[in-house]
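Chemist: Before anything else, here's the structure in question.
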There are 2 protein chains.
Amino acid sequence: MKGLKSTRQRDIILDCFLSSDRHFSIEELYLLLRAKHPGIGYATVYRTMKLFAESGIAREIQFGDGQSRYEHLLEGEHHDHLVCTRCGAIVEFENETIEQLQTEVARLHGFTIVSHKLELYGICSSCRS
Amino acid sequence: MKGLKSTRQRDIILDCFLSSDRHFSIEELYLLLRAKHPGIGYATVYRTMKLFAESGIAREIQFGDGQSRYEHLLEGEHHDHLVCTRCGAIVEFENETIEQLQTEVARLHGFTIVSHKLELYGICSSCRS
DNA sequence: TGTATATTGAAAATCACTTTCAATAACGGT
DNA sequence: ACCGTTATTGAAAGTGATTTTCAATATACA
């Protein structure tokens, strides 16, 4: 891993983080970790996830609920999110056409895009029925 | 204004907010206000902007810098943002095709969209040169 | 194995907001 | 204009998420 020491805590956190597809908040991850490994500190989870984000293993996302969440970031993969505002369900999607249009819009305004954030908020089918 | 009492403070804040096209953070707005009107309190600015957002005069936006910002919200108007990560410049844009594609993506996943957030982060032309 | 350096956990600190509460100001009726 | 009711205000205290501090401990490498 990119210049990071391998420590017991980091191994445990990475393991837990990778073993689920959830979009973890630190709080959730911390509680889950504590269940199996009572010794791990709050600050360590924060620090470690931040580190993972910096080294490209994880991506930090915010859905406006006041907490940062982290998701896996696989090589070169990119996706956006659909968020159900009723039950909190999160669906990932990719749309190449939208991405192209974004680049085009940016170009028209003289910007070179580095990254983007697209989130669609709505009601999922099970909440609607 | 929608059931809101007109007070000296609200008039001043609204005036200041509307007199600029900036995407104000509360902090910025507060400091600007203090210059002319030393008596206005921090909490009042927070409360008032939140109120403006609820009554449809302003829209709250977040660019991931940890602070909420507010922009004017004109009747039924909607736009997204290009943000320069170097100088912080913000450009607004609209793209009907992207909006349509979003609705389509949501439909495919069984979602009914209520709102969305699209932000493009990059480097603007003057920062690039 | 020794040692320089990084990491850890607990607690305190910070940051952006929100709430509390007593004082003050608006609004509506008279 | 005056009064009473109710909303709004400012200062300070409180929140909740995240960060920092610091002494103790663990890791990597000579």
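By convention here, the chains of the structure tokens are called A, B, ... in the order presented, each chain's residues are numbered starting at 1, and ligands are numbered starting at 1 in the order presented.
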Residues near range 44-58 of chain A, anyone? I mean within 8 Å using only C-alpha atoms (C1' of nucleotides), not counting same-chain ones fewer than 3 positions away, as a CSV table (one decimal) with N, CA and C atoms (P, O5', C5', C4', C3', O3' and C1' of nucleotides), in the first residue's frame.

Modeler:
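The result, written out as result36.csv:
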```csv
chain,number,residue,atom,x,y,z
A,1,MET,N,0.9,-1.2,0.0
A,1,MET,CA,0.0,0.0,0.0
A,1,MET,C,0.9,1.3,0.0
A,2,LYS,N,0.5,2.2,-0.7
A,2,LYS,CA,1.3,3.4,-1.0
A,2,LYS,C,2.0,4.0,0.3
A,9,GLN,N,-4.3,-2.5,13.2
A,9,GLN,CA,-5.5,-1.7,13.0
A,9,GLN,C,-5.9,-1.5,11.6
A,10,ARG,N,-4.9,-1.1,10.8
A,10,ARG,CA,-5.2,-0.8,9.4
A,10,ARG,C,-5.7,-2.1,8.6
A,13,ILE,N,-9.3,-2.7,9.7
A,13,ILE,CA,-10.2,-1.7,9.1
A,13,ILE,C,-10.4,-1.9,7.6
A,26,ILE,N,-18.3,6.7,9.0
A,26,ILE,CA,-17.3,6.3,10.0
A,26,ILE,C,-17.9,5.7,11.2
A,29,LEU,N,-18.9,2.2,10.5
A,29,LEU,CA,-17.8,1.3,10.4
A,29,LEU,C,-17.2,1.1,11.8
A,30,TYR,N,-17.1,2.1,12.5
A,30,TYR,CA,-16.5,2.1,13.9
A,30,TYR,C,-17.3,1.1,14.8
A,40,ILE,N,-10.0,-1.0,19.0
A,40,ILE,CA,-9.8,0.1,18.0
A,40,ILE,C,-10.4,1.4,18.4
A,41,GLY,N,-9.7,2.5,18.3
A,41,GLY,CA,-10.1,3.8,18.6
A,41,GLY,C,-10.8,4.5,17.5
A,70,TYR,N,-17.8,6.5,2.9
A,70,TYR,CA,-16.8,6.0,2.1
A,70,TYR,C,-17.2,4.8,1.3
A,71,GLU,N,-16.8,4.7,0.0
A,71,GLU,CA,-17.1,3.6,-0.8
A,71,GLU,C,-15.8,3.1,-1.5
A,72,HIS,N,-15.8,1.9,-1.9
A,72,HIS,CA,-14.7,1.3,-2.6
A,72,HIS,C,-14.4,2.1,-3.9
A,73,LEU,N,-13.1,2.2,-4.2
A,73,LEU,CA,-12.8,2.9,-5.4
A,73,LEU,C,-11.9,1.9,-6.2
A,74,LEU,N,-12.5,1.2,-7.2
A,74,LEU,CA,-11.8,0.2,-7.9
A,74,LEU,C,-11.1,1.0,-9.1
C,8,DT,P,-2.5,3.2,13.1
C,8,DT,O5',-2.7,3.3,14.7
C,8,DT,C5',-2.2,2.3,15.5
C,8,DT,C4',-2.5,2.6,17.0
C,8,DT,C3',-3.9,3.0,17.3
C,8,DT,O3',-4.5,2.0,18.1
C,8,DT,C1',-2.3,4.5,18.3
C,9,DG,P,-6.1,2.0,18.3
C,9,DG,O5',-6.2,2.9,19.6
C,9,DG,C5',-5.7,2.3,20.8
C,9,DG,C4',-6.0,3.2,22.0
C,9,DG,C3',-7.5,3.6,22.1
C,9,DG,O3',-7.8,3.5,23.5
C,9,DG,C1',-6.1,5.6,21.8
D,18,DT,P,-18.2,13.0,9.8
D,18,DT,O5',-16.7,13.6,10.2
D,18,DT,C5',-16.4,14.9,9.8
D,18,DT,C4',-15.3,15.4,10.6
D,18,DT,C3',-13.9,14.7,10.5
D,18,DT,O3',-13.0,15.5,9.8
D,18,DT,C1',-14.3,15.4,12.7
```

Chemist: Quote the C-alpha RMSD, in Å to one decimal, that results from superposing chain B on chain A by least squares across all C-alpha atoms in order.

Modeler: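 C-alpha RMSD after least-squares superposition: 0.3 Å.
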
Chemist: Mind listing the strand (DSSP E) residues of chain B, per DSSP on the backbone, as a VMD selection string?

Modeler: chain B and resid 24 to 25 58 to 62 68 to 72 80 to 84 90 to 93 112 to 123

Chemist: One number please: CA of Ser19 in chain A to CA of His116 in chain A, in Å, one decimal.

Modeler: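 Atom-to-atom, CA of Ser19 in chain A to CA of His116 in chain A, that is 26.5 Å.
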
Chemist: Any idea which chain A residues end up within 7 Å of chain B if we count only C-alpha atoms, as an NGL selection string please?

Modeler: :A and (98 or 101 or 110-125)

Chemist: DT7 in chain C: which residues within 9 Å, counting only C-alpha atoms (C1' of nucleotides), same-chain residues fewer than 3 positions away excluded, as a ChimeraX atom specification?

Modeler: /A:5,7,44 /D:25-27

Chemist: Generate the output file for the selected residues, N, CA and C atoms (P, O5', C5', C4', C3', O3' and C1' of nucleotides), as a JSON list (two decimals), in the first residue's frame.

Modeler:
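Below is the file that was written, again-v4.json:
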```
[["chain", "number", "residue", "atom", "x", "y", "z"],
["A", 5, "LYS", "N", 2.54, 2.20, 6.47],
["A", 5, "LYS", "CA", 2.94, 1.07, 7.28],
["A", 5, "LYS", "C", 1.77, 0.13, 7.42],
["A", 7, "THR", "N", -0.26, -1.95, 9.81],
["A", 7, "THR", "CA", -0.45, -2.14, 11.24],
["A", 7, "THR", "C", -1.66, -3.04, 11.43],
["A", 44, "THR", "N", -8.62, 6.53, 15.18],
["A", 44, "THR", "CA", -7.90, 5.67, 14.23],
["A", 44, "THR", "C", -8.75, 5.35, 13.01],
["D", 25, "DT", "P", 2.57, 1.65, 27.08],
["D", 25, "DT", "O5'", 2.61, 1.34, 25.53],
["D", 25, "DT", "C5'", 1.40, 1.29, 24.80],
["D", 25, "DT", "C4'", 1.72, 1.00, 23.35],
["D", 25, "DT", "C3'", 2.57, -0.24, 23.13],
["D", 25, "DT", "O3'", 1.80, -1.08, 22.28],
["D", 25, "DT", "C1'", 3.34, 1.57, 21.82],
["D", 26, "DA", "P", 2.31, -2.53, 21.83],
["D", 26, "DA", "O5'", 2.61, -2.31, 20.29],
["D", 26, "DA", "C5'", 1.59, -1.70, 19.49],
["D", 26, "DA", "C4'", 2.14, -1.42, 18.12],
["D", 26, "DA", "C3'", 2.85, -2.60, 17.48],
["D", 26, "DA", "O3'", 2.38, -2.65, 16.14],
["D", 26, "DA", "C1'", 4.27, -0.72, 17.50],
["D", 27, "DT", "P", 2.69, -3.89, 15.17],
["D", 27, "DT", "O5'", 3.66, -3.31, 14.06],
["D", 27, "DT", "C5'", 3.69, -1.93, 13.86],
["D", 27, "DT", "C4'", 4.52, -1.50, 12.68],
["D", 27, "DT", "C3'", 5.26, -2.55, 11.89],
["D", 27, "DT", "O3'", 5.21, -2.19, 10.51],
["D", 27, "DT", "C1'", 6.82, -1.08, 12.94]]
```

Chemist: Take CA of Glu96 in chain A and CA of His78 in chain A and report the distance between them in Å, one decimal.

Modeler: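 Calculated distance between CA of Glu96 in chain A and CA of His78 in chain A is 10.2 Å.
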
Chemist: Could you list, as a list in words, the residues of chain D having an atom within 12 Å of chain B when counting only C-alpha atoms (C1' of nucleotides)?

Modeler: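 Contact residues on the first chain: DT6, DA7, DT8, DT9, DG10, DA11, DA12, DA17 and DT18 of chain D.
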
Chemist: Under the rule that only C-alpha atoms (C1' of nucleotides) are counted, which of B:Ser129, B:Lys36, B:Asp11, B:Glu27 is the nearest residue to chain C?

Modeler: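 Of all the options, B:Glu27 lies closest to chain C.
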
Chemist: Figure out the distance between CA of Leu31 in chain A and CA of Arg59 in chain A, please, to one decimal in Å.

Modeler: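 About the pair CA of Arg59 in chain A and CA of Leu31 in chain A: they are 19.9 Å apart.
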